[in-house]
file entry21.csv (CSV, C-alpha atoms)
chain,number,residue,atom,x,y,z
I,1,MET,CA,105.9,91.0,71.1
I,2,SER,CA,103.4,91.7,73.9
I,3,VAL,CA,103.2,90.9,77.6
I,4,THR,CA,100.2,88.8,78.8
I,5,LEU,CA,99.0,88.7,82.3
I,6,GLU,CA,97.3,85.7,84.0
I,7,GLN,CA,96.3,85.4,87.7
I,8,LEU,CA,98.8,83.6,89.8
I,9,THR,CA,97.5,80.3,91.0
I,10,HIS,CA,98.9,77.1,92.6
I,11,GLU,CA,98.8,75.6,89.1
I,12,ASN,CA,101.2,78.2,87.5
I,13,PHE,CA,103.2,78.9,90.7
I,14,SER,CA,106.1,76.7,89.5
I,15,ASP,CA,106.4,79.0,86.5
I,16,ALA,CA,106.5,82.1,88.8
I,17,ARG,CA,109.3,80.5,90.7
I,18,ARG,CA,111.4,80.4,87.5
I,19,ILE,CA,111.6,84.2,87.2
I,20,ASP,CA,115.3,85.1,87.6
I,21,ARG,CA,115.4,87.7,90.3
I,22,ASP,CA,118.6,86.5,92.0
I,23,ASP,CA,120.1,90.0,91.9
I,24,ILE,CA,117.3,91.5,93.9
I,25,PRO,CA,117.4,91.0,97.7
I,26,GLU,CA,114.3,89.6,99.4
I,27,ALA,CA,114.4,92.7,101.7
I,28,TRP,CA,113.6,94.7,98.5
I,29,VAL,CA,110.9,92.5,96.9
I,30,ASP,CA,109.0,89.5,98.3
I,31,THR,CA,109.7,86.1,96.8
I,32,ALA,CA,107.2,84.2,94.7
I,33,ALA,CA,106.4,82.0,97.7
I,34,THR,CA,105.5,85.0,99.9
I,35,LEU,CA,103.4,86.5,97.1
I,36,MET,CA,101.5,83.2,96.8
I,37,GLU,CA,100.8,83.2,100.5
I,38,THR,CA,99.6,86.8,100.3
I,39,THR,CA,97.4,85.9,97.4
I,40,ASP,CA,95.9,83.1,99.3
I,41,TYR,CA,95.3,85.4,102.3
I,42,GLY,CA,93.6,88.0,100.1
I,43,ALA,CA,91.3,85.3,98.5
I,44,ALA,CA,90.4,83.8,101.9
I,45,HIS,CA,89.5,87.3,103.2
I,46,HIS,CA,87.6,88.4,100.0
I,47,LEU,CA,90.0,91.3,99.4
I,48,LEU,CA,89.8,93.0,96.0
I,49,GLY,CA,92.7,92.6,93.6
I,50,HIS,CA,94.9,90.1,92.0
I,51,THR,CA,98.4,88.7,91.7
I,52,TYR,CA,99.5,88.4,88.1
I,53,LEU,CA,102.1,86.3,86.5
I,54,ALA,CA,103.4,88.1,83.4
I,55,ARG,CA,104.5,86.2,80.3
I,56,LEU,CA,106.4,87.2,77.2
I,57,GLU,CA,106.1,84.6,74.5
I,58,ASP,CA,104.9,82.1,77.1
I,59,LYS,CA,108.0,82.6,79.2
I,60,PRO,CA,107.3,83.8,82.8
I,61,VAL,CA,108.9,87.3,83.1
I,62,GLY,CA,107.3,89.0,86.0
I,63,LEU,CA,105.0,89.0,89.1
I,64,ILE,CA,102.9,91.8,90.6
I,65,LEU,CA,100.3,91.9,93.3
I,66,ILE,CA,97.8,94.8,93.4
I,67,GLY,CA,95.3,94.4,96.1
I,68,GLU,CA,92.9,96.1,98.4
I,69,ALA,CA,95.0,97.7,101.2
I,70,LEU,CA,94.4,96.8,104.8
I,71,ALA,CA,95.2,99.8,107.0
I,72,TRP,CA,98.7,99.9,108.5
I,73,ASP,CA,99.8,102.2,111.2
I,74,THR,CA,102.6,103.5,109.0
I,75,ASP,CA,100.3,104.5,106.0
I,76,PRO,CA,100.9,108.1,104.9
I,77,GLU,CA,98.3,110.5,106.2
I,78,GLU,CA,96.8,111.1,102.7
I,79,MET,CA,95.8,107.4,102.6
I,80,ARG,CA,94.2,107.1,106.0
I,81,GLY,CA,90.5,106.4,106.0
I,82,LYS,CA,90.3,106.1,102.3
I,83,PRO,CA,90.1,102.9,100.2
I,84,PHE,CA,93.3,102.3,98.2
I,85,TYR,CA,95.3,99.5,96.6
I,86,ARG,CA,98.7,98.4,97.7
I,87,VAL,CA,101.2,97.3,95.0
I,88,MET,CA,103.3,94.5,96.4
I,89,GLY,CA,106.0,92.1,95.2
I,90,PHE,CA,106.5,93.6,91.8
I,91,VAL,CA,109.5,91.9,90.1
I,92,VAL,CA,110.7,91.5,86.5
I,93,ASP,CA,113.1,88.8,85.3
I,94,GLN,CA,116.6,90.4,85.2
I,95,LYS,CA,117.0,89.4,81.5
I,96,CYS,CA,113.9,91.5,80.7
I,97,ARG,CA,114.7,94.7,82.5
I,98,ASN,CA,115.4,98.1,80.7
I,99,ARG,CA,113.3,97.0,77.8
I,100,GLY,CA,109.9,98.6,78.7
I,101,ILE,CA,108.5,95.3,79.9
I,102,GLY,CA,108.2,96.3,83.5
I,103,GLY,CA,106.3,99.4,82.6
I,104,GLU,CA,103.9,97.4,80.4
I,105,ILE,CA,103.4,94.9,83.2
I,106,LEU,CA,102.7,97.6,85.8
I,107,GLU,CA,100.3,99.6,83.7
I,108,ARG,CA,98.4,96.6,82.4
I,109,ALA,CA,98.0,95.2,85.9
I,110,ILE,CA,96.7,98.5,87.2
I,111,HIS,CA,94.3,98.8,84.2
I,112,GLN,CA,93.0,95.3,84.8
I,113,VAL,CA,92.4,95.9,88.5
I,114,TYR,CA,90.7,99.2,87.8
I,115,ASN,CA,88.5,97.6,85.2
I,116,GLU,CA,87.4,94.8,87.5
I,117,PHE,CA,87.2,96.5,90.9
I,118,GLY,CA,87.2,100.3,90.2
I,119,LYS,CA,89.8,103.1,90.4
I,120,ARG,CA,91.5,103.8,93.7
I,121,SER,CA,94.8,105.5,94.6
I,122,LEU,CA,97.8,103.2,94.8
I,123,ALA,CA,100.6,102.9,97.4
I,124,LEU,CA,103.8,100.9,97.4
I,125,GLY,CA,107.0,100.7,99.2
I,126,VAL,CA,110.5,101.2,97.7
I,127,HIS,CA,113.5,100.1,99.7
I,128,LYS,CA,115.7,103.1,100.6
I,129,ASP,CA,118.6,101.6,98.7
I,130,ASN,CA,116.7,100.9,95.5
I,131,ALA,CA,117.1,104.2,93.6
I,132,ARG,CA,116.4,102.5,90.3
I,133,ALA,CA,113.0,101.3,91.5
I,134,GLY,CA,112.1,104.8,92.8
I,135,ALA,CA,113.0,106.4,89.5
I,136,PHE,CA,110.9,103.7,87.6
I,137,TYR,CA,107.8,104.4,89.8
I,138,GLU,CA,108.2,108.2,89.4
I,139,ARG,CA,108.2,107.7,85.6
I,140,HIS,CA,104.8,105.9,86.1
I,141,GLY,CA,103.1,108.7,88.1
I,142,PHE,CA,104.1,107.7,91.7
I,143,HIS,CA,105.6,110.2,94.0
I,144,PRO,CA,107.8,109.6,97.1
I,145,THR,CA,106.3,110.7,100.4
I,146,GLY,CA,109.2,110.8,102.8
I,147,VAL,CA,107.1,108.4,105.0
I,148,TYR,CA,108.7,105.0,105.8
I,149,GLU,CA,107.6,101.6,106.9
I,150,GLY,CA,110.9,100.1,108.0
I,151,ASN,CA,113.4,100.6,105.2
I,152,ASP,CA,110.7,101.1,102.6
I,153,GLU,CA,109.6,104.6,101.5
I,154,TYR,CA,106.0,105.0,100.5
I,155,TYR,CA,105.3,106.0,97.0
I,156,LEU,CA,101.8,107.1,96.0
I,157,ARG,CA,99.8,107.5,92.8
I,158,ILE,CA,96.8,109.5,93.9
I,159,ILE,CA,93.5,109.2,92.0
I,160,ASN,CA,91.3,112.3,92.1
I,161,GLU,CA,88.0,111.0,90.7
I,162,ALA,CA,87.3,114.4,89.1
I,163,GLU,CA,90.7,114.6,87.4
I,164,GLY,CA,91.9,111.0,86.9
I,165,PRO,CA,95.4,109.9,87.9
I,166,LYS,CA,98.0,112.5,89.0
call {"tool": "encode", "arguments": {"input": "entry21.csv", "output": "structure tokens"}}
result
Amino acid sequence: MSVTLEQLTHENFSDARRIDRDDIPEAWVDTAATLMETTDYGAAHHLLGHTYLARLEDKPVGLILIGEALAWDTDPEEMRGKPFYRVMGFVVDQKCRNRGIGGEILERAIHQVYNEFGKRSLALGVHKDNARAGAFYERHGFHPTGVYEGNDEYYLRIINEAEGPK
């Protein structure tokens, strides 16, 4: 049983909306509709990256957006003036959690973006009340920064071109 990724489009958007994430507040993770809008914005502005719909045996089980980061005033110092990707809206169907599926989706999506657009450091936000997400990202090489954008703490996965991911 393996996860497959496909780019989120208006054609498969109805499948993305079927992902059961009712237990996750929108303040923690964007909805499928918001991710579709962000995907359209990125395409219209020729930004690098993709939004992926993850499937397990043809069933939609996850969404993740990894795209070229536009500079925000709240970005951590180590990201300023450097190109990086922002991971946004990552959600896994609640029936598929704690089975390794989320990690597979995350790493495959990162790998695909790196293969298509090149390696860059990654940044993402974890809601201050979402300790499980923070622990998940730390297991995948991200580190918390203590820098916040609203209620979300920045987590970074820094790429040093000479050493590879840290």
call {"tool": "atom_distance", "arguments": {"input": "entry21.csv", "atom1": "CA of Tyr148 (chain I)", "atom2": "CA of Thr38 (chain I)"}}
result
21.1 Å
call {"tool": "atom_distance", "arguments": {"input": "entry21.csv", "atom1": "CA of Ala123 (chain I)", "atom2": "CA of Ala44 (chain I)"}}
result
22.1 Å
call {"tool": "closest_atom_pairs", "arguments": {"input": "entry21.csv", "of": "region 15-54 of chain I", "to": "region 64-78 of chain I", "cutoff": "10 Å", "atoms": "all atoms listed in the file", "output": "Markdown table"}}
result
| residue | atom | partner | partner_atom | distance |
| --- | --- | --- | --- | --- |
| I:Ala32 | CA | I:Ile64 | CA | 9.6 |
| I:Leu35 | CA | I:Leu65 | CA | 7.3 |
| I:Met36 | CA | I:Leu65 | CA | 9.5 |
| I:Thr38 | CA | I:Leu65 | CA | 8.7 |
| I:Thr39 | CA | I:Leu65 | CA | 7.8 |
| I:Gly42 | CA | I:Gly67 | CA | 7.7 |
| I:His46 | CA | I:Glu68 | CA | 9.5 |
| I:Leu47 | CA | I:Glu68 | CA | 5.7 |
| I:Leu48 | CA | I:Glu68 | CA | 5.0 |
| I:Gly49 | CA | I:Gly67 | CA | 4.0 |
| I:His50 | CA | I:Ile66 | CA | 5.7 |
| I:Thr51 | CA | I:Leu65 | CA | 4.1 |
| I:Tyr52 | CA | I:Ile64 | CA | 5.4 |
| I:Leu53 | CA | I:Ile64 | CA | 6.9 |
| I:Ala54 | CA | I:Ile64 | CA | 8.1 |
call {"tool": "write_last_selection", "arguments": {"input": "entry21.csv", "atoms": "C-alpha atoms", "output": "PDB file, in the coordinates of the input"}}
result
ATOM      1  CA  ALA I  32     107.200  84.200  94.700  1.00  0.00           C
ATOM      2  CA  LEU I  35     103.400  86.500  97.100  1.00  0.00           C
ATOM      3  CA  MET I  36     101.500  83.200  96.800  1.00  0.00           C
ATOM      4  CA  THR I  38      99.600  86.800 100.300  1.00  0.00           C
ATOM      5  CA  THR I  39      97.400  85.900  97.400  1.00  0.00           C
ATOM      6  CA  GLY I  42      93.600  88.000 100.100  1.00  0.00           C
ATOM      7  CA  HIS I  46      87.600  88.400 100.000  1.00  0.00           C
ATOM      8  CA  LEU I  47      90.000  91.300  99.400  1.00  0.00           C
ATOM      9  CA  LEU I  48      89.800  93.000  96.000  1.00  0.00           C
ATOM     10  CA  GLY I  49      92.700  92.600  93.600  1.00  0.00           C
ATOM     11  CA  HIS I  50      94.900  90.100  92.000  1.00  0.00           C
ATOM     12  CA  THR I  51      98.400  88.700  91.700  1.00  0.00           C
ATOM     13  CA  TYR I  52      99.500  88.400  88.100  1.00  0.00           C
ATOM     14  CA  LEU I  53     102.100  86.300  86.500  1.00  0.00           C
ATOM     15  CA  ALA I  54     103.400  88.100  83.400  1.00  0.00           C
TER      16      ALA I  54
END
call {"tool": "closest_residue", "arguments": {"input": "entry21.csv", "among": "I:Val126, I:Ala135, I:Val87, I:Cys96", "to": "Ala109 (chain I)", "atoms": "only C-alpha atoms"}}
result
I:Val87
call {"tool": "closest_residue", "arguments": {"input": "entry21.csv", "among": "I:Lys59, I:Arg120, I:Thr34, I:Met79", "to": "Tyr155 (chain I)", "atoms": "all atoms listed in the file"}}
result
I:Met79
call {"tool": "atom_distance", "arguments": {"input": "entry21.csv", "atom1": "CA of Ala16 (chain I)", "atom2": "CA of Leu63 (chain I)"}}
result
7.1 Å
call {"tool": "residues_around", "arguments": {"input": "entry21.csv", "residues": "Tyr137 (chain I)", "least_positions_apart": "4", "cutoff": "9 Å", "atoms": "all atoms listed in the file", "output": "list in words"}}
result
Gly103, Val126, Arg132, Ala133, Gly141, Phe142, His143, Pro144 and Tyr155 of chain I
call {"tool": "write_last_selection", "arguments": {"input": "entry21.csv", "atoms": "C-alpha atoms", "output": "PDB file, in the frame of the given file"}}
result
ATOM      1  CA  GLY I 103     106.300  99.400  82.600  1.00  0.00           C
ATOM      2  CA  VAL I 126     110.500 101.200  97.700  1.00  0.00           C
ATOM      3  CA  ARG I 132     116.400 102.500  90.300  1.00  0.00           C
ATOM      4  CA  ALA I 133     113.000 101.300  91.500  1.00  0.00           C
ATOM      5  CA  GLY I 141     103.100 108.700  88.100  1.00  0.00           C
ATOM      6  CA  PHE I 142     104.100 107.700  91.700  1.00  0.00           C
ATOM      7  CA  HIS I 143     105.600 110.200  94.000  1.00  0.00           C
ATOM      8  CA  PRO I 144     107.800 109.600  97.100  1.00  0.00           C
ATOM      9  CA  TYR I 155     105.300 106.000  97.000  1.00  0.00           C
TER      10      TYR I 155
END
call {"tool": "closest_residue", "arguments": {"input": "entry21.csv", "among": "I:Glu6, I:Glu153, I:Met88, I:Lys95", "to": "Leu122 (chain I)", "atoms": "all atoms listed in the file"}}
result
I:Met88
call {"tool": "closest_residue", "arguments": {"input": "entry21.csv", "among": "I:Ile24, I:Leu56, I:Lys82, I:Ile105", "to": "Ser2 (chain I)", "atoms": "all atoms listed in the file"}}
result
I:Leu56
